[in-house]
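S.K.: Pasting target_14.cif below, which is mmCIF, C-alpha atoms and all ligand atoms.
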data_my_file
#
loop_
_atom_site.label_atom_id
_atom_site.label_comp_id
_atom_site.auth_asym_id
_atom_site.auth_seq_id
_atom_site.Cartn_x
_atom_site.Cartn_y
_atom_site.Cartn_z
CA MET Z 1 58.42 134.25 85.13
CA LEU Z 2 60.99 133.33 82.50
CA LEU Z 3 60.26 130.62 79.95
CA GLY Z 4 63.40 128.71 78.99
CA GLU Z 5 64.25 125.29 77.57
CA ASN Z 6 63.62 123.67 80.96
CA GLY Z 7 60.33 125.42 81.54
CA TYR Z 8 59.45 128.31 83.81
CA SER Z 9 61.67 129.92 86.41
CA LEU Z 10 61.60 133.06 88.52
CA ASP Z 11 62.75 136.07 86.54
CA VAL Z 12 65.39 137.04 89.08
CA PRO Z 13 66.89 139.93 87.03
CA GLU Z 14 63.44 141.54 86.65
CA ILE Z 15 62.71 141.08 90.35
CA GLU Z 16 66.05 142.68 91.14
CA LYS Z 17 65.27 145.57 88.79
CA ALA Z 18 61.92 146.18 90.51
CA LEU Z 19 63.57 146.10 93.94
CA ARG Z 20 66.25 148.50 92.73
CA GLN Z 21 63.50 150.82 91.52
CA GLY Z 22 61.94 150.86 94.98
CA ALA Z 23 59.57 147.87 95.19
CA ARG Z 24 59.26 146.88 98.86
CA THR Z 25 57.51 143.52 98.60
CA VAL Z 26 57.75 140.48 96.35
CA LEU Z 27 54.47 138.61 95.95
CA LEU Z 28 55.57 135.04 95.49
CA CYS Z 29 53.09 132.43 94.33
CA ASN Z 30 54.44 128.97 95.17
CA PRO Z 31 53.28 126.62 93.73
CA SER Z 32 52.75 129.06 90.95
CA ASN Z 33 49.32 129.83 89.65
CA PRO Z 34 49.23 129.88 86.62
CA VAL Z 35 52.36 127.97 85.47
CA GLY Z 36 52.29 125.17 88.05
CA ARG Z 37 55.92 125.38 89.13
CA VAL Z 38 56.95 124.23 92.61
CA PHE Z 39 60.08 126.24 93.36
CA ASN Z 40 63.02 124.32 94.75
CA HIS Z 41 65.23 125.21 97.68
CA SER Z 42 67.97 126.84 95.63
CA GLU Z 43 65.55 129.04 93.67
CA LEU Z 44 63.91 130.21 96.89
CA ALA Z 45 67.26 130.69 98.64
CA GLU Z 46 68.47 132.84 95.73
CA LEU Z 47 65.33 134.97 96.01
CA SER Z 48 65.75 135.32 99.77
CA VAL Z 49 69.34 136.57 99.41
CA LEU Z 50 68.18 139.15 96.87
CA VAL Z 51 65.24 140.32 98.98
CA GLU Z 52 67.44 140.54 102.07
CA ARG Z 53 69.99 142.64 100.19
CA PHE Z 54 67.29 145.22 99.45
CA GLY Z 55 65.69 145.04 102.91
CA ALA Z 56 62.39 144.11 101.26
CA ARG Z 57 59.63 141.65 102.18
CA VAL Z 58 58.06 138.55 100.65
CA ILE Z 59 54.44 137.53 100.85
CA SER Z 60 54.45 133.86 99.93
CA ASP Z 61 51.11 132.56 98.71
CA GLU Z 62 51.30 128.78 99.22
CA VAL Z 63 47.59 128.08 98.84
CA HIS Z 64 48.14 125.43 96.14
CA SER Z 65 50.89 123.54 97.99
CA PRO Z 66 48.88 120.41 98.95
CA LEU Z 67 48.02 119.83 95.26
CA ARG Z 68 51.29 118.48 93.88
CA TYR Z 69 52.25 115.58 91.61
CA GLY Z 70 55.30 114.26 93.44
CA THR Z 71 57.51 117.35 93.54
CA LYS Z 72 58.81 118.18 97.02
CA PHE Z 73 57.42 121.37 98.50
CA VAL Z 74 59.68 123.85 100.27
CA PRO Z 75 57.89 126.59 102.24
CA TYR Z 76 59.60 129.91 101.52
CA ALA Z 77 59.98 130.82 105.21
CA SER Z 78 61.90 127.57 105.78
CA VAL Z 79 64.85 128.32 103.48
CA SER Z 80 66.74 130.49 105.97
CA SER Z 81 66.27 132.55 109.10
CA ALA Z 82 66.43 135.68 106.92
CA ALA Z 83 63.57 134.31 104.78
CA ALA Z 84 61.49 133.63 107.91
CA GLU Z 85 62.25 137.16 109.16
CA HIS Z 86 61.25 138.96 105.99
CA SER Z 87 58.26 136.88 104.88
CA ILE Z 88 54.62 136.27 105.62
CA THR Z 89 53.09 133.02 104.39
CA LEU Z 90 49.52 132.60 103.23
CA THR Z 91 47.85 129.25 102.89
CA SER Z 92 44.43 127.64 103.04
CA ALA Z 93 42.56 124.38 102.63
CA SER Z 94 40.36 126.14 100.07
CA LYS Z 95 42.05 124.87 96.88
CA ALA Z 96 43.05 121.31 97.73
CA TRP Z 97 39.77 120.48 99.49
CA ASN Z 98 37.65 122.82 97.39
CA ILE Z 99 36.12 124.79 100.25
CA PRO Z 100 36.71 128.47 99.32
CA GLY Z 101 33.09 129.32 100.17
CA LEU Z 102 33.69 128.44 103.82
CA ARG Z 103 36.07 131.37 104.30
CA CYS Z 104 39.11 130.43 106.29
CA ALA Z 105 42.45 131.80 105.18
CA ILE Z 106 45.61 131.08 107.15
CA MET Z 107 48.40 133.61 107.61
CA VAL Z 108 51.64 132.31 109.06
CA LEU Z 109 53.72 134.97 110.82
CA THR Z 110 57.35 133.98 111.25
CA ASN Z 111 58.80 136.94 113.11
CA PRO Z 112 57.85 138.57 116.43
CA ALA Z 113 57.51 142.10 114.99
CA ASP Z 114 54.81 141.00 112.55
CA GLN Z 115 53.05 139.18 115.35
CA LEU Z 116 52.94 142.40 117.41
CA THR Z 117 51.64 144.38 114.42
CA TRP Z 118 48.98 141.76 113.79
CA ASP Z 119 47.90 141.63 117.40
CA VAL Z 120 46.98 145.33 117.52
CA LEU Z 121 45.17 145.47 114.17
CA PRO Z 122 41.46 146.12 114.59
CA ARG Z 123 39.40 142.97 114.21
CA ALA Z 124 37.44 144.38 111.28
CA SER Z 125 40.61 144.88 109.22
CA LYS Z 126 41.54 141.20 109.51
CA GLY Z 127 38.57 139.99 107.49
CA GLY Z 128 35.99 137.49 108.61
CA ILE Z 129 36.66 133.81 109.03
CA SER Z 130 33.72 131.54 109.62
CA PRO Z 131 33.49 128.93 112.40
CA LEU Z 132 32.44 126.40 109.76
CA GLY Z 133 35.57 127.29 107.76
CA ILE Z 134 37.75 126.70 110.83
CA GLU Z 135 36.12 123.30 111.45
CA ALA Z 136 36.34 122.30 107.80
CA SER Z 137 39.99 123.38 107.46
CA THR Z 138 40.93 121.54 110.65
CA ALA Z 139 39.18 118.40 109.39
CA ALA Z 140 40.87 118.75 105.99
CA PHE Z 141 44.38 119.12 107.40
CA LYS Z 142 43.95 116.47 110.10
CA GLN Z 143 41.86 113.82 108.33
CA GLY Z 144 41.62 114.86 104.70
CA GLN Z 145 44.86 113.43 103.31
CA PRO Z 146 43.36 110.11 102.10
CA TRP Z 147 40.61 112.00 100.27
CA LEU Z 148 43.18 114.40 98.79
CA ASN Z 149 45.40 111.51 97.67
CA GLU Z 150 42.49 110.12 95.65
CA ALA Z 151 41.67 113.55 94.23
CA ILE Z 152 45.31 114.06 93.20
CA LYS Z 153 45.31 110.66 91.44
CA LEU Z 154 42.33 111.75 89.34
CA LEU Z 155 43.86 115.15 88.65
CA ASP Z 156 47.15 113.56 87.66
CA VAL Z 157 45.40 111.39 85.07
CA ASN Z 158 43.84 114.56 83.65
CA ARG Z 159 47.11 116.47 83.76
CA LEU Z 160 48.88 113.73 81.79
CA ALA Z 161 45.91 113.51 79.42
CA VAL Z 162 46.29 117.21 78.58
CA GLY Z 163 49.99 116.70 77.82
CA ASP Z 164 49.35 113.59 75.70
CA TYR Z 165 46.50 115.17 73.84
CA LEU Z 166 48.51 118.25 72.94
CA LYS Z 167 51.46 116.12 71.82
CA ARG Z 168 49.30 113.92 69.62
CA ALA Z 169 47.74 117.04 68.12
CA GLY Z 170 51.22 118.35 67.25
CA LEU Z 171 50.88 121.10 69.86
CA GLY Z 172 53.25 119.74 72.50
CA GLY Z 173 55.07 123.06 72.77
CA VAL Z 174 51.95 124.84 73.98
CA MET Z 175 52.24 123.62 77.59
CA CYS Z 176 54.96 122.88 80.16
CA MET Z 177 53.70 120.09 82.39
CA PRO Z 178 52.55 121.63 85.69
CA GLU Z 179 54.16 120.19 88.86
CA ALA Z 180 51.20 121.33 90.97
CA THR Z 181 47.70 122.86 90.80
CA TYR Z 182 44.81 121.79 88.56
CA LEU Z 183 45.69 124.48 86.04
CA ALA Z 184 47.38 124.28 82.67
CA TRP Z 185 49.00 127.37 81.19
CA PHE Z 186 48.80 127.36 77.40
CA ASP Z 187 51.23 129.48 75.42
CA LEU Z 188 49.21 130.38 72.31
CA ARG Z 189 51.38 133.25 71.12
CA GLU Z 190 52.38 131.42 67.93
CA PHE Z 191 48.77 131.52 66.75
CA GLY Z 192 48.76 135.31 66.66
CA HIS Z 193 45.31 135.84 68.21
CA PRO Z 194 45.01 139.25 69.86
CA ASP Z 195 42.66 137.69 72.42
CA PRO Z 196 43.09 133.87 72.50
CA GLN Z 197 40.58 133.47 75.34
CA ARG Z 198 37.89 135.04 73.21
CA TYR Z 199 38.98 133.07 70.14
CA LEU Z 200 38.58 129.78 72.03
CA MET Z 201 35.26 130.87 73.53
CA GLU Z 202 33.85 131.82 70.14
CA ASN Z 203 35.41 129.09 68.01
CA ALA Z 204 35.60 126.12 70.37
CA GLY Z 205 32.90 126.94 72.92
CA VAL Z 206 35.46 126.44 75.69
CA ALA Z 207 35.84 128.91 78.56
CA THR Z 208 39.42 129.51 79.68
CA THR Z 209 40.92 132.33 81.74
CA SER Z 210 42.64 135.04 79.77
CA GLY Z 211 46.40 135.24 80.32
CA ASP Z 212 46.03 139.04 80.49
CA GLU Z 213 44.46 138.62 83.92
CA HIS Z 214 47.86 137.42 85.15
CA GLY Z 215 49.66 140.62 84.16
CA VAL Z 216 51.52 141.97 81.16
CA GLY Z 217 53.52 138.78 80.54
CA GLY Z 218 50.28 136.81 80.17
CA ALA Z 219 49.30 138.29 76.80
CA GLY Z 220 48.86 135.47 74.27
CA PHE Z 221 48.36 132.80 76.97
CA VAL Z 222 45.24 131.18 78.43
CA ARG Z 223 44.74 129.17 81.61
CA VAL Z 224 42.81 125.93 81.45
CA ASN Z 225 41.26 124.30 84.52
CA PHE Z 226 41.59 120.51 84.13
CA ALA Z 227 39.73 119.60 87.35
CA THR Z 228 36.75 118.24 85.47
CA PRO Z 229 35.51 114.77 84.42
CA GLN Z 230 37.82 113.33 81.80
CA SER Z 231 35.08 113.08 79.16
CA VAL Z 232 34.47 116.83 79.48
CA LEU Z 233 38.20 117.53 79.39
CA LEU Z 234 38.83 115.43 76.28
CA ASP Z 235 35.90 117.04 74.50
CA ALA Z 236 37.22 120.51 75.41
CA LEU Z 237 40.73 119.59 74.23
CA GLU Z 238 39.38 118.24 70.95
CA ARG Z 239 37.44 121.44 70.34
CA MET Z 240 40.31 123.70 71.38
CA THR Z 241 42.95 121.94 69.30
CA SER Z 242 40.77 121.91 66.19
CA ALA Z 243 39.94 125.59 66.63
CA LEU Z 244 43.64 126.36 67.06
CA ARG Z 245 44.54 124.38 63.94
CA ARG Z 246 42.04 126.54 62.03
CA SER Z 247 43.80 129.72 63.22
CA PRO Z 248 44.45 131.95 60.21
CA THR Z 249 48.02 132.85 61.27
CA ARG Z 250 49.14 129.30 61.86
CA ASN Z 251 47.50 127.99 58.68
CA SER Z 252 49.27 130.57 56.56
CA SER Z 253 52.68 130.04 58.20
C1 LIG M 301 47.39 131.38 94.29
C2 LIG M 301 46.05 131.73 94.88
N1 LIG M 301 45.98 132.38 96.05
C3 LIG M 301 44.80 132.70 96.60
C4 LIG M 301 43.62 132.40 95.99
C5 LIG M 301 42.32 132.75 96.68
O1 LIG M 301 41.90 131.68 97.43
P1 LIG M 301 40.49 131.66 98.16
O2 LIG M 301 39.48 131.25 97.15
O3 LIG M 301 40.63 130.65 99.24
O4 LIG M 301 40.23 133.04 98.66
C6 LIG M 301 43.63 131.75 94.77
C7 LIG M 301 42.35 131.46 94.10
O5 LIG M 301 42.23 131.41 92.92
C8 LIG M 301 44.88 131.39 94.20
O6 LIG M 301 44.95 130.69 93.04
#
The structure in this file should be written as structure tokens.

M.R.:
Amino acid sequence: MLLGENGYSLDVPEIEKALRQGARTVLLCNPSNPVGRVFNHSELAELSVLVERFGARVISDEVHSPLRYGTKFVPYASVSSAAAEHSITLTSASKAWNIPGLRCAIMVLTNPADQLTWDVLPRASKGGISPLGIEASTAAFKQGQPWLNEAIKLLDVNRLAVGDYLKRAGLGGVMCMPEATYLAWFDLREFGHPDPQRYLMENAGVATTSGDEHGVGGAGFVRVNFATPQSVLLDALERMTSALRRSPTRNSS
């Protein structure tokens, strides 16, 4: 991802470089975990033209797509017939309805060749889905929208609370408001901690996910899960922002 004045966008030149160097598949995460972007039609169309030019594939992980705050969702395979031909889409009810333990992933095949390949794969290589997971996912997609709408309302209050809190603490630049997911991606590079996750754990008593887990570009970032009661969230934010203000690098700058 690229971080510019308007937030995060796909790093198209780097993707092109990787394809030029022989990469065969782009793993697209839309909505993006961790930055919370929901890519629009023109961004996805640009990617599809690039991927098509190199004869490569896209695996589009759209697991977080039901959890959005008003931004329209465009499935990657829907942007063009070429995109449908060269992509496989993954989704699930596991995030939005919080049922990962029930094991039911969904893979959407959008070209006949992939369907043939899939059909002859041995059953064991396709992983196990549970009957309970199938029932729960069906119930979620068919009847779970009212429940999800309420959950999104609560999450949205928390999402805005994170933004407000950071702004009031003079740390507004740390986060770009996520358009989806229950995750906030904090850019803590200015504080100069070699391991900000550990710093926050030890100095604020707050567990985040280390940005390093998201690849090389994640160094200096942490991911915060805001799907928690607001009292817990505000307490965590208070402790994190005070620990960050005490950072040696920032204090001396
Ligand atoms: C983008 C994305 N895809 C897939 C997964 C895995 O989902 P599941 O727990 O349903 O296996 C996660 C879970 O963190 C995720 O964030």

S.K.: What does the distance between CA of Ser9 (chain Z) and CA of Ala180 (chain Z) come to in Å, to one decimal place?

M.R.: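 A separation of 14.3 Å between them.
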
S.K.: Could you give me the residues within 7 Å of ligand LIG 301 (chain M), counting all atoms listed in the file, as a PDB file with C-alpha atoms, keeping the file's coordinate frame?

M.R.:
ATOM      1  CA  CYS Z  29      53.090 132.430  94.330  1.00  0.00           C
ATOM      2  CA  SER Z  32      52.750 129.060  90.950  1.00  0.00           C
ATOM      3  CA  ASN Z  33      49.320 129.830  89.650  1.00  0.00           C
ATOM      4  CA  ASP Z  61      51.110 132.560  98.710  1.00  0.00           C
ATOM      5  CA  GLU Z  62      51.300 128.780  99.220  1.00  0.00           C
ATOM      6  CA  VAL Z  63      47.590 128.080  98.840  1.00  0.00           C
ATOM      7  CA  HIS Z  64      48.140 125.430  96.140  1.00  0.00           C
ATOM      8  CA  SER Z  92      44.430 127.640 103.040  1.00  0.00           C
ATOM      9  CA  SER Z  94      40.360 126.140 100.070  1.00  0.00           C
ATOM     10  CA  LYS Z  95      42.050 124.870  96.880  1.00  0.00           C
ATOM     11  CA  PRO Z 100      36.710 128.470  99.320  1.00  0.00           C
ATOM     12  CA  ARG Z 103      36.070 131.370 104.300  1.00  0.00           C
ATOM     13  CA  ALA Z 105      42.450 131.800 105.180  1.00  0.00           C
TER      14      ALA Z 105
END

S.K.: Would you pick out the contacts of Leu171 (chain Z) at 12 Å or less, using all atoms listed in the file, so that residues sharing its chain but fewer than 6 positions from it are not included, and give the list as a PDB file with C-alpha atoms, in the frame of the given file?

M.R.:
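In the end it all went to result-v3.pdb:
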ATOM      1  CA  VAL Z 162      46.290 117.210  78.580  1.00  0.00           C
ATOM      2  CA  GLY Z 163      49.990 116.700  77.820  1.00  0.00           C
ATOM      3  CA  ASP Z 164      49.350 113.590  75.700  1.00  0.00           C
ATOM      4  CA  TYR Z 165      46.500 115.170  73.840  1.00  0.00           C
ATOM      5  CA  PHE Z 186      48.800 127.360  77.400  1.00  0.00           C
ATOM      6  CA  ASP Z 187      51.230 129.480  75.420  1.00  0.00           C
ATOM      7  CA  LEU Z 188      49.210 130.380  72.310  1.00  0.00           C
ATOM      8  CA  GLU Z 190      52.380 131.420  67.930  1.00  0.00           C
ATOM      9  CA  PHE Z 191      48.770 131.520  66.750  1.00  0.00           C
ATOM     10  CA  LEU Z 237      40.730 119.590  74.230  1.00  0.00           C
ATOM     11  CA  GLU Z 238      39.380 118.240  70.950  1.00  0.00           C
ATOM     12  CA  MET Z 240      40.310 123.700  71.380  1.00  0.00           C
ATOM     13  CA  THR Z 241      42.950 121.940  69.300  1.00  0.00           C
ATOM     14  CA  SER Z 242      40.770 121.910  66.190  1.00  0.00           C
ATOM     15  CA  LEU Z 244      43.640 126.360  67.060  1.00  0.00           C
ATOM     16  CA  ARG Z 245      44.540 124.380  63.940  1.00  0.00           C
ATOM     17  CA  ARG Z 250      49.140 129.300  61.860  1.00  0.00           C
TER      18      ARG Z 250
END

S.K.: Please compute the CA of Glu85 (chain Z)-CA of Val108 (chain Z) distance, one decimal, in Å.

M.R.: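 Straight-line distance from CA of Glu85 (chain Z) to CA of Val108 (chain Z) works out to 11.7 Å.
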
S.K.: Within 7 Å of region 75-82 of chain Z, counting only C-alpha atoms, which residues qualify if same-chain residues fewer than 2 places away don't, as an MDAnalysis selection string?

M.R.: chainID Z and resid 41 44:45 52 60 73 84:87

S.K.: What is the distance, in Å and to one decimal place, between CA of Thr181 (chain Z) and CA of Leu27 (chain Z)?

M.R.: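 If I compute the distance from CA of Thr181 (chain Z) to CA of Leu27 (chain Z), I get 17.9 Å.
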
S.K.: Residues within 8 Å of Phe221 (chain Z), please, as a ChimeraX atom specification. Count only C-alpha atoms; anything in the same chain fewer than 3 positions from it doesn't count.

M.R.: /Z:185-189,196-197,210-212,218

S.K.: For Ser137 (chain Z), work out the shell of residues within 8 Å, counting all atoms listed in the file and skipping chain neighbours fewer than 2 positions away, then give it as a list in words.

M.R.: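 With the cut-off at 8 Å, the set is Ser92, Ala93, Ser94, Cys104, Gly133, Ile134, Glu135, Ala139, Ala140 and Phe141 of chain Z.
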
S.K.: Tell me which protein, DNA and RNA residues are within 12 Å of Gln145 (chain Z), counting only C-alpha atoms, leaving out same-chain ones fewer than 6 positions away, and put them as a ChimeraX atom specification.

M.R.: /Z:66-67,93,96-97,137-139,151-152

S.K.: Would you place a box with edges along x, y and z of the file around all atoms of region 218-234 of chain Z listed there, add 8 Å to each of its six sides, and report the centre and edge lengths in Å to one decimal, as JSON?

M.R.:
{"center_x": 42.4, "center_y": 125.7, "center_z": 80.8, "size_x": 31.8, "size_y": 41.2, "size_z": 29.1}

S.K.: Would you kindly identify which residues have an atom no farther than 9 Å from (59.7, 122.1, 84.5), using all atoms listed in the file and the file's own coordinates, and write them out as a ChimeraX atom specification?

M.R.: /Z:5-9,36-38,176-179

S.K.: Just checking: using all atoms listed in the file, which residue out of Z:Ala227, Z:Leu132, Z:Ala219, Z:Leu90 ends up closest to Asp156 (chain Z)?

M.R.: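 Closest to Asp156 (chain Z) of all the choices is Z:Ala227.
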
S.K.: Of the candidates Z:Leu234, Z:Leu154, Z:Ala204, Z:Leu28, which one gets nearest to Tyr182 (chain Z) if we count only C-alpha atoms?

M.R.: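 Of the candidates, the smallest distance to Tyr182 (chain Z) is held by Z:Leu154.
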
S.K.: Nearest residue to Val35 (chain Z) out of Z:Met107, Z:Ile59, Z:Leu50, Z:Leu3, using all atoms listed in the file?

M.R.: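 Closest to Val35 (chain Z) of all the choices is Z:Leu3.
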